[in-house]
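Asker: Below is the file protein.csv, with CSV, C-alpha atoms and all ligand atoms.
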chain,number,residue,atom,x,y,z
Y,1,MET,CA,3.6,0.2,5.8
Y,2,MET,CA,4.7,-0.4,9.3
Y,3,HIS,CA,5.8,2.6,11.3
Y,4,TYR,CA,9.0,2.2,13.4
Y,5,ASP,CA,9.6,4.0,16.6
Y,6,PHE,CA,13.1,5.3,16.9
Y,7,ASP,CA,12.4,7.3,20.0
Y,8,GLU,CA,12.2,4.3,22.3
Y,9,ILE,CA,15.0,4.0,24.8
Y,10,ILE,CA,16.3,0.5,25.0
Y,11,GLN,CA,18.7,-0.4,27.8
Y,12,ARG,CA,21.9,-1.9,26.4
Y,13,SER,CA,24.0,-2.0,29.5
Y,14,ASP,CA,25.0,-5.5,30.7
Y,15,THR,CA,24.6,-7.1,27.3
Y,16,ASP,CA,28.4,-7.3,26.6
Y,17,CYS,CA,28.0,-4.5,24.1
Y,18,VAL,CA,31.0,-2.4,23.3
Y,19,LYS,CA,29.4,1.0,23.3
Y,20,TYR,CA,28.0,0.7,26.9
Y,21,ASP,CA,29.9,-2.1,28.6
Y,22,LEU,CA,33.4,-0.9,27.8
Y,23,ARG,CA,32.9,2.6,28.9
Y,24,LYS,CA,34.9,2.1,32.1
Y,25,ILE,CA,37.9,0.9,30.1
Y,26,VAL,CA,37.8,3.4,27.3
Y,27,PHE,CA,36.7,6.5,29.2
Y,28,ARG,CA,37.8,5.5,32.7
Y,29,ASP,CA,34.2,6.3,33.6
Y,30,GLY,CA,31.3,3.8,33.4
Y,31,ASP,CA,28.7,6.5,33.4
Y,32,VAL,CA,29.4,8.8,30.4
Y,33,LEU,CA,26.7,9.1,27.8
Y,34,PRO,CA,28.2,6.9,25.1
Y,35,MET,CA,28.2,8.4,21.6
Y,36,TRP,CA,31.3,6.7,20.2
Y,37,VAL,CA,31.6,3.2,18.5
Y,38,ALA,CA,29.6,3.0,15.2
Y,39,ASP,CA,26.5,1.1,16.0
Y,40,MET,CA,23.0,2.3,16.8
Y,41,ASP,CA,20.9,2.3,19.9
Y,42,PHE,CA,17.8,1.4,17.8
Y,43,ARG,CA,16.4,-2.1,17.8
Y,44,THR,CA,17.7,-4.3,15.0
Y,45,PRO,CA,14.7,-4.4,12.6
Y,46,ASP,CA,11.9,-6.9,13.2
Y,47,PHE,CA,12.2,-8.6,9.9
Y,48,ILE,CA,15.8,-9.6,10.7
Y,49,ILE,CA,15.0,-10.8,14.2
Y,50,SER,CA,12.1,-12.9,12.9
Y,51,ALA,CA,14.2,-14.5,10.2
Y,52,LEU,CA,16.7,-15.4,12.9
Y,53,ARG,CA,14.0,-16.8,15.2
Y,54,LYS,CA,12.6,-18.8,12.3
Y,55,ARG,CA,16.0,-20.3,11.6
Y,56,LEU,CA,16.5,-21.1,15.3
Y,57,GLU,CA,13.3,-23.2,15.3
Y,58,HIS,CA,15.2,-25.9,13.4
Y,59,GLU,CA,17.5,-26.3,16.5
Y,60,ILE,CA,20.6,-27.6,14.7
Y,61,LEU,CA,23.3,-25.0,14.0
Y,62,GLY,CA,25.8,-27.2,12.3
Y,63,TYR,CA,28.3,-26.4,9.5
Y,64,SER,CA,26.6,-24.3,6.9
Y,65,PHE,CA,27.5,-22.5,3.7
Y,66,ARG,CA,26.3,-19.4,2.1
Y,67,SER,CA,23.5,-20.3,-0.2
Y,68,LYS,CA,22.6,-18.6,-3.5
Y,69,GLY,CA,20.3,-16.5,-1.5
Y,70,PHE,CA,23.2,-14.6,0.1
Y,71,SER,CA,24.6,-13.6,-3.3
Y,72,SER,CA,21.3,-12.8,-4.9
Y,73,ALA,CA,20.3,-10.6,-1.9
Y,74,VAL,CA,23.5,-8.6,-2.5
Y,75,VAL,CA,23.0,-8.5,-6.2
Y,76,ASN,CA,19.4,-7.2,-5.8
Y,77,TRP,CA,20.3,-4.7,-3.2
Y,78,MET,CA,23.1,-3.2,-5.3
Y,79,LYS,CA,20.8,-2.9,-8.2
Y,80,SER,CA,17.8,-1.5,-6.4
Y,81,ARG,CA,19.6,0.8,-4.0
Y,82,HIS,CA,22.7,1.8,-6.0
Y,83,GLN,CA,21.7,1.1,-9.6
Y,84,TRP,CA,24.9,-1.1,-9.9
Y,85,GLU,CA,24.6,-4.3,-11.9
Y,86,ILE,CA,26.9,-6.9,-10.4
Y,87,ARG,CA,27.3,-10.6,-11.0
Y,88,PRO,CA,26.9,-13.1,-8.2
Y,89,ASP,CA,30.2,-14.7,-9.0
Y,90,TRP,CA,32.0,-11.4,-8.2
Y,91,ILE,CA,31.0,-11.7,-4.6
Y,92,SER,CA,33.2,-13.0,-1.8
Y,93,PHE,CA,32.9,-13.0,2.0
Y,94,SER,CA,34.7,-11.6,5.1
Y,95,PRO,CA,33.7,-11.8,8.7
Y,96,GLY,CA,33.9,-7.9,8.8
Y,97,VAL,CA,35.1,-5.1,6.6
Y,98,VAL,CA,38.2,-4.5,8.8
Y,99,PRO,CA,39.2,-8.2,8.5
Y,100,ALA,CA,38.6,-7.9,4.7
Y,101,ILE,CA,41.0,-4.9,4.5
Y,102,ASN,CA,43.6,-6.7,6.5
Y,103,MET,CA,43.3,-9.7,4.2
Y,104,ILE,CA,43.5,-7.5,1.1
Y,105,VAL,CA,46.7,-5.9,2.5
Y,106,LEU,CA,48.2,-9.3,3.1
Y,107,ALA,CA,47.1,-10.7,-0.3
Y,108,PHE,CA,48.0,-7.8,-2.6
Y,109,SER,CA,51.1,-6.2,-1.1
Y,110,GLN,CA,54.5,-7.1,0.4
Y,111,PRO,CA,56.1,-5.9,3.6
Y,112,GLY,CA,57.4,-2.4,3.1
Y,113,ASP,CA,55.0,-1.6,0.2
Y,114,LYS,CA,53.4,1.8,0.3
Y,115,ILE,CA,49.7,2.1,0.8
Y,116,ILE,CA,47.8,5.4,0.7
Y,117,VAL,CA,45.1,6.5,3.1
Y,118,GLN,CA,43.3,9.8,3.3
Y,119,PRO,CA,43.2,11.1,6.9
Y,120,PRO,CA,41.4,12.1,9.0
Y,121,VAL,CA,39.9,8.6,8.4
Y,122,TYR,CA,38.6,5.5,10.1
Y,123,PHE,CA,41.7,4.5,12.0
Y,124,PRO,CA,41.7,0.7,11.5
Y,125,PHE,CA,42.9,1.5,8.0
Y,126,PHE,CA,46.2,2.6,9.6
Y,127,SER,CA,46.6,-0.6,11.7
Y,128,ALA,CA,45.8,-2.8,8.6
Y,129,ILE,CA,48.8,-1.2,7.0
Y,130,GLU,CA,51.2,-0.7,9.9
Y,131,ASN,CA,50.5,-3.9,11.9
Y,132,ASN,CA,51.2,-5.9,8.7
Y,133,GLY,CA,54.6,-4.2,8.2
Y,134,ARG,CA,53.5,-2.1,5.2
Y,135,THR,CA,54.3,1.6,4.9
Y,136,ARG,CA,51.4,4.1,5.4
Y,137,VAL,CA,51.4,7.1,3.1
Y,138,ASP,CA,49.0,9.9,4.0
Y,139,ASN,CA,47.2,11.9,1.3
Y,140,PRO,CA,45.4,14.2,3.8
Y,141,LEU,CA,41.9,15.5,3.0
Y,142,LYS,CA,41.4,19.3,3.0
Y,143,MET,CA,38.6,21.1,4.7
Y,144,ILE,CA,37.0,23.3,2.0
Y,145,ASN,CA,33.9,25.4,2.9
Y,146,GLY,CA,33.0,23.0,5.7
Y,147,ARG,CA,33.5,19.8,3.6
Y,148,LEU,CA,36.4,17.3,3.6
Y,149,CYS,CA,37.7,17.1,0.1
Y,150,MET,CA,40.4,15.1,-1.6
Y,151,ASP,CA,43.7,16.6,-2.6
Y,152,PHE,CA,44.4,15.3,-6.1
Y,153,GLU,CA,47.7,17.1,-6.6
Y,154,ASP,CA,49.2,15.5,-3.5
Y,155,LEU,CA,47.6,12.1,-4.5
Y,156,ARG,CA,49.3,12.3,-7.9
Y,157,SER,CA,52.7,12.9,-6.4
Y,158,LYS,CA,52.3,10.0,-3.9
Y,159,SER,CA,50.7,7.5,-6.3
Y,160,THR,CA,53.9,6.9,-8.3
Y,161,GLU,CA,55.4,4.7,-5.6
Y,162,ALA,CA,52.2,3.3,-4.0
Y,163,LYS,CA,50.7,-0.2,-4.4
Y,164,MET,CA,47.3,0.5,-3.1
Y,165,ILE,CA,44.9,3.1,-1.8
Y,166,ILE,CA,42.2,2.5,0.8
Y,167,ILE,CA,39.3,5.0,0.7
Y,168,SER,CA,36.2,5.4,2.9
Y,169,HIS,CA,33.4,6.0,0.5
Y,170,PRO,CA,31.3,7.6,1.9
Y,171,HIS,CA,33.8,9.1,4.3
Y,172,ASN,CA,34.0,8.3,8.0
Y,173,PRO,CA,34.4,10.6,10.0
Y,174,GLY,CA,33.6,13.6,7.8
Y,175,GLY,CA,30.5,12.3,6.0
Y,176,SER,CA,31.6,13.3,2.5
Y,177,VAL,CA,29.9,11.4,-0.2
Y,178,TRP,CA,32.5,11.3,-3.0
Y,179,THR,CA,31.0,12.6,-6.3
Y,180,VAL,CA,31.4,11.1,-9.7
Y,181,ASP,CA,33.8,13.9,-10.6
Y,182,GLU,CA,36.0,13.2,-7.5
Y,183,LEU,CA,35.9,9.4,-8.0
Y,184,GLN,CA,36.9,9.9,-11.7
Y,185,GLN,CA,39.8,12.0,-10.8
Y,186,LEU,CA,40.9,9.6,-8.1
Y,187,ALA,CA,40.6,6.6,-10.4
Y,188,ALA,CA,42.4,8.3,-13.3
Y,189,ILE,CA,45.4,8.9,-11.1
Y,190,CYS,CA,45.3,5.3,-9.6
Y,191,LEU,CA,44.9,3.7,-13.1
Y,192,GLU,CA,47.8,5.7,-14.5
Y,193,ASN,CA,50.1,4.5,-11.7
Y,194,ASN,CA,48.7,1.0,-11.3
Y,195,VAL,CA,47.5,1.6,-7.7
Y,196,LEU,CA,44.9,-1.0,-6.6
Y,197,MET,CA,41.8,0.8,-5.3
Y,198,ILE,CA,40.1,-0.5,-2.1
Y,199,SER,CA,36.7,1.2,-1.7
Y,200,ASP,CA,35.2,0.7,1.8
Y,201,GLU,CA,31.5,1.4,1.1
Y,202,ILE,CA,30.1,0.2,4.4
Y,203,HIS,CA,28.3,3.6,5.0
Y,204,SER,CA,26.9,3.7,1.5
Y,205,ASP,CA,23.3,3.1,2.4
Y,206,LEU,CA,23.3,5.9,5.0
Y,207,VAL,CA,23.4,8.8,2.5
Y,208,TYR,CA,21.1,11.8,2.8
Y,209,SER,CA,19.3,13.3,-0.2
Y,210,PRO,CA,20.2,15.1,-2.4
Y,211,HIS,CA,23.5,13.3,-2.1
Y,212,LYS,CA,23.8,10.0,-3.9
Y,213,HIS,CA,26.2,7.1,-3.4
Y,214,ILE,CA,27.9,6.1,-6.6
Y,215,PRO,CA,29.9,2.8,-6.2
Y,216,LEU,CA,33.5,3.5,-7.4
Y,217,ALA,CA,33.6,0.3,-9.4
Y,218,SER,CA,30.4,1.2,-11.2
Y,219,LEU,CA,32.0,4.0,-13.1
Y,220,SER,CA,33.7,2.0,-15.8
Y,221,GLU,CA,34.8,-1.5,-16.6
Y,222,GLU,CA,38.4,-0.4,-16.4
Y,223,ILE,CA,37.9,1.0,-12.9
Y,224,ALA,CA,36.0,-2.1,-11.9
Y,225,ARG,CA,39.0,-4.3,-12.9
Y,226,HIS,CA,41.3,-2.4,-10.5
Y,227,THR,CA,38.9,-2.0,-7.6
Y,228,ILE,CA,37.9,-4.1,-4.6
Y,229,THR,CA,34.7,-3.0,-3.0
Y,230,CYS,CA,34.0,-3.9,0.6
Y,231,ASN,CA,30.5,-3.6,2.0
Y,232,ALA,CA,28.1,-5.0,4.7
Y,233,PRO,CA,24.6,-4.7,6.0
Y,234,SER,CA,26.1,-4.2,9.5
Y,235,LYS,CA,26.0,-0.4,9.8
Y,236,THR,CA,22.7,0.0,7.9
Y,237,PHE,CA,20.7,-2.5,9.8
Y,238,ASN,CA,22.5,-2.5,13.2
Y,239,MET,CA,23.8,-6.1,13.0
Y,240,ALA,CA,27.6,-5.6,13.5
Y,241,GLY,CA,27.6,-8.3,16.1
Y,242,LEU,CA,26.9,-10.9,13.4
Y,243,ALA,CA,30.3,-10.4,11.8
Y,244,THR,CA,29.1,-10.7,8.2
Y,245,SER,CA,30.4,-8.6,5.3
Y,246,TYR,CA,31.2,-9.1,1.7
Y,247,LEU,CA,33.5,-8.0,-1.1
Y,248,ILE,CA,32.7,-7.3,-4.8
Y,249,ILE,CA,35.7,-8.1,-7.0
Y,250,PRO,CA,34.9,-8.1,-10.8
Y,251,GLU,CA,38.4,-9.0,-11.9
Y,252,LYS,CA,38.8,-12.8,-11.7
Y,253,ALA,CA,42.6,-12.8,-10.9
Y,254,LEU,CA,42.0,-10.5,-8.0
Y,255,LEU,CA,39.0,-12.5,-6.8
Y,256,ASP,CA,41.0,-15.8,-7.0
Y,257,ARG,CA,43.9,-14.3,-5.0
Y,258,TYR,CA,41.5,-13.0,-2.4
Y,259,ASN,CA,39.6,-16.2,-2.1
Y,260,HIS,CA,42.9,-18.1,-1.8
Y,261,MET,CA,43.7,-16.0,1.2
Y,262,LEU,CA,40.2,-16.4,2.7
Y,263,ASN,CA,39.7,-20.1,1.9
Y,264,ASP,CA,43.1,-21.7,1.9
Y,265,GLU,CA,45.5,-19.5,4.0
Y,266,LEU,CA,43.1,-18.4,6.7
Y,267,HIS,CA,40.2,-20.9,6.4
Y,268,LEU,CA,37.6,-18.2,7.2
Y,269,SER,CA,35.2,-18.8,4.3
Y,270,GLY,CA,32.6,-20.7,6.4
Y,271,GLY,CA,31.3,-17.4,7.8
Y,272,ASN,CA,28.5,-17.5,10.2
Y,273,LEU,CA,25.0,-18.9,9.9
Y,274,PRO,CA,23.0,-16.2,11.7
Y,275,GLY,CA,24.9,-13.5,9.8
Y,276,THR,CA,23.9,-15.1,6.5
Y,277,VAL,CA,20.2,-15.4,7.5
Y,278,ALA,CA,20.2,-11.8,8.7
Y,279,LEU,CA,21.9,-10.4,5.6
Y,280,GLU,CA,19.3,-12.0,3.4
Y,281,ALA,CA,16.4,-10.7,5.5
Y,282,ALA,CA,18.0,-7.2,5.6
Y,283,TYR,CA,18.5,-6.8,1.9
Y,284,ASN,CA,15.3,-8.5,0.8
Y,285,LYS,CA,13.0,-6.6,3.2
Y,286,GLY,CA,14.9,-3.6,4.4
Y,287,SER,CA,14.1,-0.6,2.2
Y,288,ASP,CA,11.0,0.8,4.0
Y,289,TRP,CA,12.7,0.6,7.4
Y,290,LEU,CA,15.8,2.2,6.0
Y,291,SER,CA,14.0,5.2,4.6
Y,292,GLN,CA,12.3,5.8,8.0
Y,293,LEU,CA,15.7,5.4,9.7
Y,294,LEU,CA,17.3,8.0,7.3
Y,295,GLY,CA,14.5,10.4,8.0
Y,296,TYR,CA,15.0,10.0,11.8
Y,297,LEU,CA,18.8,10.4,11.6
Y,298,GLN,CA,18.4,13.6,9.5
Y,299,GLY,CA,16.2,15.0,12.3
Y,300,ASN,CA,18.9,14.2,14.8
Y,301,ILE,CA,21.5,15.9,12.6
Y,302,ARG,CA,19.3,19.0,12.2
Y,303,LEU,CA,19.0,19.1,16.0
Y,304,VAL,CA,22.8,19.1,16.4
Y,305,MET,CA,23.3,21.8,13.8
Y,306,GLU,CA,20.6,24.1,15.2
Y,307,PHE,CA,21.6,23.6,18.8
Y,308,CYS,CA,25.3,24.3,18.1
Y,309,LYS,CA,24.3,27.4,16.1
Y,310,ASN,CA,22.1,28.7,18.9
Y,311,TYR,CA,23.9,27.6,22.1
Y,312,LEU,CA,27.4,26.3,21.3
Y,313,PRO,CA,28.9,28.7,18.8
Y,314,ALA,CA,32.4,27.6,19.6
Y,315,ILE,CA,31.6,24.1,18.3
Y,316,ILE,CA,31.1,23.8,14.5
Y,317,PRO,CA,29.5,20.6,13.3
Y,318,ILE,CA,30.5,19.6,9.8
Y,319,ILE,CA,27.2,18.9,7.9
Y,320,PRO,CA,27.3,15.1,7.2
Y,321,GLU,CA,26.2,14.1,3.7
Y,322,SER,CA,26.1,10.6,5.0
Y,323,THR,CA,26.7,8.4,8.0
Y,324,TYR,CA,25.3,8.8,11.5
Y,325,MET,CA,28.5,10.5,12.7
Y,326,VAL,CA,28.8,14.2,13.2
Y,327,TRP,CA,32.4,15.5,13.0
Y,328,LEU,CA,32.5,18.4,15.5
Y,329,ASP,CA,35.1,21.1,15.0
Y,330,CYS,CA,36.0,22.1,18.5
Y,331,ARG,CA,39.2,24.0,17.7
Y,332,ASN,CA,37.6,27.3,18.9
Y,333,LEU,CA,37.4,26.0,22.4
Y,334,GLY,CA,41.1,26.5,22.5
Y,335,PHE,CA,42.0,23.2,24.2
Y,336,THR,CA,44.9,20.9,23.5
Y,337,ASP,CA,43.7,17.4,22.4
Y,338,GLU,CA,44.3,16.1,25.9
Y,339,GLU,CA,42.3,18.9,27.4
Y,340,LEU,CA,39.5,18.5,24.9
Y,341,ASN,CA,39.1,14.8,25.6
Y,342,GLU,CA,39.1,15.4,29.4
Y,343,PHE,CA,36.6,18.2,28.9
Y,344,PHE,CA,34.2,15.9,27.1
Y,345,ILE,CA,34.6,13.0,29.5
Y,346,ARG,CA,34.8,14.8,32.9
Y,347,LYS,CA,33.0,18.1,32.4
Y,348,ALA,CA,30.3,17.1,29.8
Y,349,ARG,CA,30.1,13.4,30.9
Y,350,LEU,CA,30.0,12.3,27.2
Y,351,GLY,CA,31.9,9.5,25.6
Y,352,LEU,CA,32.8,10.5,22.0
Y,353,ASN,CA,35.7,9.5,19.7
Y,354,GLU,CA,38.7,11.7,19.8
Y,355,GLY,CA,39.4,13.4,16.5
Y,356,ARG,CA,43.2,12.8,16.7
Y,357,GLN,CA,42.6,9.0,16.6
Y,358,PHE,CA,41.7,9.5,12.9
Y,359,GLY,CA,45.1,10.8,12.1
Y,360,PRO,CA,46.4,14.2,10.8
Y,361,GLY,CA,43.6,16.7,10.4
Y,362,GLY,CA,41.7,15.2,13.3
Y,363,GLU,CA,43.3,17.4,16.0
Y,364,GLY,CA,40.7,19.6,17.7
Y,365,PHE,CA,37.8,17.5,16.5
Y,366,MET,CA,35.4,15.1,18.2
Y,367,ARG,CA,33.2,12.5,16.5
Y,368,MET,CA,29.7,12.2,17.8
Y,369,ASN,CA,27.5,9.2,17.0
Y,370,ILE,CA,23.9,10.4,16.7
Y,371,ALA,CA,22.2,7.0,16.0
Y,372,CYS,CA,20.2,7.1,19.2
Y,373,PRO,CA,16.8,8.4,20.4
Y,374,ARG,CA,16.5,12.2,19.9
Y,375,SER,CA,16.0,12.7,23.6
Y,376,VAL,CA,19.5,11.3,24.1
Y,377,VAL,CA,21.0,13.6,21.5
Y,378,LEU,CA,19.3,16.5,23.2
Y,379,GLU,CA,20.6,15.4,26.6
Y,380,ALA,CA,24.1,15.2,25.2
Y,381,LEU,CA,23.9,18.7,23.7
Y,382,GLN,CA,22.5,20.1,27.0
Y,383,ARG,CA,25.4,18.5,28.9
Y,384,LEU,CA,27.8,20.2,26.5
Y,385,LYS,CA,26.1,23.6,27.0
Y,386,HIS,CA,26.3,23.3,30.7
Y,387,ALA,CA,29.9,22.2,30.6
Y,388,ILE,CA,30.9,25.2,28.4
V,401,LIG,C1,34.7,3.1,7.2
V,401,LIG,C2,34.4,1.9,8.1
V,401,LIG,N1,34.8,0.6,7.7
V,401,LIG,C3,34.6,-0.5,8.4
V,401,LIG,C4,33.9,-0.4,9.6
V,401,LIG,C5,33.7,-1.6,10.5
V,401,LIG,O1,33.7,-2.8,9.7
V,401,LIG,P1,33.4,-4.2,10.3
V,401,LIG,O2,32.7,-4.1,11.6
V,401,LIG,O3,32.7,-4.9,9.3
V,401,LIG,O4,34.8,-4.8,10.5
V,401,LIG,C6,33.5,0.8,10.1
V,401,LIG,C7,32.9,0.9,11.4
V,401,LIG,O5,32.8,2.0,12.0
V,401,LIG,C8,33.8,2.0,9.3
V,401,LIG,O6,33.4,3.2,9.7
Once more with this new file: its structure as structure tokens, please.
Ligand SMILES: Cc1ncc(COP(=O)(O)O)c(C=O)c1O

Answerer:
Amino acid sequence: MMHYDFDEIIQRSDTDCVKYDLRKIVFRDGDVLPMWVADMDFRTPDFIISALRKRLEHEILGYSFRSKGFSSAVVNWMKSRHQWEIRPDWISFSPGVVPAINMIVLAFSQPGDKIIVQPPVYFPFFSAIENNGRTRVDNPLKMINGRLCMDFEDLRSKSTEAKMIIISHPHNPGGSVWTVDELQQLAAICLENNVLMISDEIHSDLVYSPHKHIPLASLSEEIARHTITCNAPSKTFNMAGLATSYLIIPEKALLDRYNHMLNDELHLSGGNLPGTVALEAAYNKGSDWLSQLLGYLQGNIRLVMEFCKNYLPAIIPIIPESTYMVWLDCRNLGFTDEELNEFFIRKARLGLNEGRQFGPGGEGFMRMNIACPRSVVLEALQRLKHAI
């Protein structure tokens, strides 16, 4: 088995990459150590790059379609990774999970309709609702013993009038991997109230043992009929720039409606050729690389936990069950949100995501992306220590 080196520092500046090359705009400082947008500073794996190279040898990049290989790669990955048996004809496409969520909102709700989200949560969920003239209803998560948990009582009361719920499963930024019990409670409430469930499972491959990702729609046929699952290889294999994601929609009427939006209303179904090639390579060849990646990320998470415990007692990291984000509880520093952000940028010279962006419950938190060489994580922690 090949051994991958995640310690290597690879320069990303001046490649038009968001994380490095937009620092000046986002942080008003082009030099902060960037630990924000959710991609990794590791090389996209060799088997993906070589599949792309091989395809480029043909030298004609004309109109293309997704071959059967795209669907079968997804089917096989779902089966081997998540023990979920899906059919190739349940799969549709989107040039990103965020575009998918926006299309779903447009296709399955009307202006003014109520759509539930569970803040603090990935903020493009908010804009998918609000920028399309729908009404956002918050079902805030509760921090219980250092884990973000769902509030089912509140959900029950809000579901009676809602059309749809969008969940992050696993959860960004808190890292919670929703358990079978939690998913069943959520689904029971949604089924009772005819609320369509949108399960964003983009982080589902990045789960740390003993936690296990259970796809929401895998729980029962009835749940599957009322669920749209969004997923992609982009987080797992560091290929977000290829704008290739997919949806799993077992219920034919829902699938047809989505496909009408994708194919006929927006004409986006062509997708992109390199993304297709890369998805197939990722899912057909990626499991060894992924287990090495997960081991490395766990090492980085341990470093953050131990360093905070020993040297930064005012900062409490929430132990992530999944994702390469660490949700840092900075409330004991006693800053306002403005001061906290200024402190991270100007004093610690770090570029993280501000917790408050993620909605209610995010105040006083910062989100740190630890998908980078361990020496960089250590440098960031040392900067924080000196700043404090
Ligand atoms: C929960 C969640 N959904 C979706 C995305 C991004 O999806 P895409 O780049 O496919 O639009 C992210 C990226 O951070 C995310 O955390």

Asker: Please list as an NGL selection string every residue within 6 Å of region 188-196 of chain Y, counting all atoms listed in the file and excluding residues in the same chain fewer than 6 positions away.

Answerer: :Y and (160 or 163-164 or 226)

Asker: Identify, on the basis of all atoms listed in the file, every residue whose closest approach to Lys79 (chain Y) does not exceed 12 Å; exclude the query and any residue fewer than 5 positions from it along the same chain; express the result as a list of chain:residue names.

Answerer: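 These residues fall inside the cut-off: Y:Ser72, Y:Ala73, Y:Val74, Y:Trp84, Y:Glu85, Y:Ile86, Y:Arg87, Y:Pro88, Y:Ile214, Y:Pro215, Y:Ser218, Y:Tyr283, Y:Asn284.
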
Asker: As a list in words, please: the residues near Asn231 (chain Y) (cut-off 7 Å, all atoms listed in the file, same-chain neighbours under 4 positions excluded).

Answerer: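 Answer for this query is Val97, Asp200, Glu201, Ile202, Ser245, Tyr246 and Leu247 of chain Y.
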
Asker: How many Å separate CA of Gly112 (chain Y) from CA of Glu354 (chain Y)?

Answerer: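 We find that CA of Gly112 (chain Y) and CA of Glu354 (chain Y) lie 28.8 Å from each other.
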
Asker: Just the residues within 10 Å of Arg28 (chain Y), please, counting all atoms listed in the file, with nothing from its chain fewer than 4 positions along; format it as a ChimeraX atom specification.

Answerer: /Y:22-24,32,345-346

Asker: Using all atoms listed in the file, which of the listed residues (Y:Pro233, Y:Gly62, Y:Pro120, Y:Pro45) sits closest to Leu273 (chain Y)?

Answerer: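 Smallest distance to Leu273 (chain Y) is found for Y:Gly62.
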
Asker: Could you check how far CA of Asn310 (chain Y) sits from CA of His211 (chain Y), in Å to one decimal?

Answerer: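 If I compute the distance from CA of Asn310 (chain Y) to CA of His211 (chain Y), I get 26.1 Å.
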
Asker: Within 9 Å of ligand LIG 401 (chain V) (counting all atoms listed in the file), which residues show up? I'd like them as number ranges by chain.

Answerer: Y: 37-39, 94-101, 121-125, 167-173, 200-203, 230-235, 240-241, 243-246, 323

Asker: Export C-alpha atoms of the chosen residues as an mmCIF file, keeping the file's coordinate frame?

Answerer:
data_model
loop_
_atom_site.group_PDB
_atom_site.id
_atom_site.type_symbol
_atom_site.label_atom_id
_atom_site.label_comp_id
_atom_site.auth_asym_id
_atom_site.auth_seq_id
_atom_site.Cartn_x
_atom_site.Cartn_y
_atom_site.Cartn_z
ATOM 1 C CA VAL Y 37 31.600 3.200 18.500
ATOM 2 C CA ALA Y 38 29.600 3.000 15.200
ATOM 3 C CA ASP Y 39 26.500 1.100 16.000
ATOM 4 C CA SER Y 94 34.700 -11.600 5.100
ATOM 5 C CA PRO Y 95 33.700 -11.800 8.700
ATOM 6 C CA GLY Y 96 33.900 -7.900 8.800
ATOM 7 C CA VAL Y 97 35.100 -5.100 6.600
ATOM 8 C CA VAL Y 98 38.200 -4.500 8.800
ATOM 9 C CA PRO Y 99 39.200 -8.200 8.500
ATOM 10 C CA ALA Y 100 38.600 -7.900 4.700
ATOM 11 C CA ILE Y 101 41.000 -4.900 4.500
ATOM 12 C CA VAL Y 121 39.900 8.600 8.400
ATOM 13 C CA TYR Y 122 38.600 5.500 10.100
ATOM 14 C CA PHE Y 123 41.700 4.500 12.000
ATOM 15 C CA PRO Y 124 41.700 0.700 11.500
ATOM 16 C CA PHE Y 125 42.900 1.500 8.000
ATOM 17 C CA ILE Y 167 39.300 5.000 0.700
ATOM 18 C CA SER Y 168 36.200 5.400 2.900
ATOM 19 C CA HIS Y 169 33.400 6.000 0.500
ATOM 20 C CA PRO Y 170 31.300 7.600 1.900
ATOM 21 C CA HIS Y 171 33.800 9.100 4.300
ATOM 22 C CA ASN Y 172 34.000 8.300 8.000
ATOM 23 C CA PRO Y 173 34.400 10.600 10.000
ATOM 24 C CA ASP Y 200 35.200 0.700 1.800
ATOM 25 C CA GLU Y 201 31.500 1.400 1.100
ATOM 26 C CA ILE Y 202 30.100 0.200 4.400
ATOM 27 C CA HIS Y 203 28.300 3.600 5.000
ATOM 28 C CA CYS Y 230 34.000 -3.900 0.600
ATOM 29 C CA ASN Y 231 30.500 -3.600 2.000
ATOM 30 C CA ALA Y 232 28.100 -5.000 4.700
ATOM 31 C CA PRO Y 233 24.600 -4.700 6.000
ATOM 32 C CA SER Y 234 26.100 -4.200 9.500
ATOM 33 C CA LYS Y 235 26.000 -0.400 9.800
ATOM 34 C CA ALA Y 240 27.600 -5.600 13.500
ATOM 35 C CA GLY Y 241 27.600 -8.300 16.100
ATOM 36 C CA ALA Y 243 30.300 -10.400 11.800
ATOM 37 C CA THR Y 244 29.100 -10.700 8.200
ATOM 38 C CA SER Y 245 30.400 -8.600 5.300
ATOM 39 C CA TYR Y 246 31.200 -9.100 1.700
ATOM 40 C CA THR Y 323 26.700 8.400 8.000
#

Asker: Suppose you want the space between CA of Phe343 (chain Y) and CA of Gly146 (chain Y); what is it in Å?

Answerer: 24.0 Å

Asker: If we count all atoms listed in the file, what is near Leu378 (chain Y) at a cut-off of 9 Å, once residues fewer than 3 positions away on the same chain are taken out, given as a list in words?

Answerer: Asn300, Leu303, Val304, Phe307, Pro373, Arg374, Ser375, Leu381, Gln382 and Arg383 of chain Y

Asker: Identify which of the residues Y:Glu342, Y:His82, Y:Arg331, Y:Ala278 lies closest to Ala217 (chain Y), counting all atoms listed in the file when measuring atom-to-atom distances.

Answerer: Y:His82

Asker: In terms of the shortest atom-to-atom distance over all atoms listed in the file, which of Y:Pro34, Y:Pro111, Y:Pro140, Y:Pro274 is closest to Leu52 (chain Y)?

Answerer: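 Of Y:Pro34, Y:Pro111, Y:Pro140, Y:Pro274, the one nearest Leu52 (chain Y), counting all atoms listed in the file, is Y:Pro274.
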
Asker: Pick out the closest residue to Val377 (chain Y) from this set: Y:Gly174, Y:Gly299, Y:Leu206, Y:Leu61. Count only C-alpha atoms.

Answerer: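 When distances to Val377 (chain Y) are compared using only C-alpha atoms, the smallest one comes from Y:Gly299.
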
Asker: Compare Y:Leu242, Y:Ile115, Y:Met325, Y:Ile104 by their minimum atom-to-atom distance to Asn369 (chain Y), counting all atoms listed in the file, and give me the closest one.

Answerer: Y:Met325
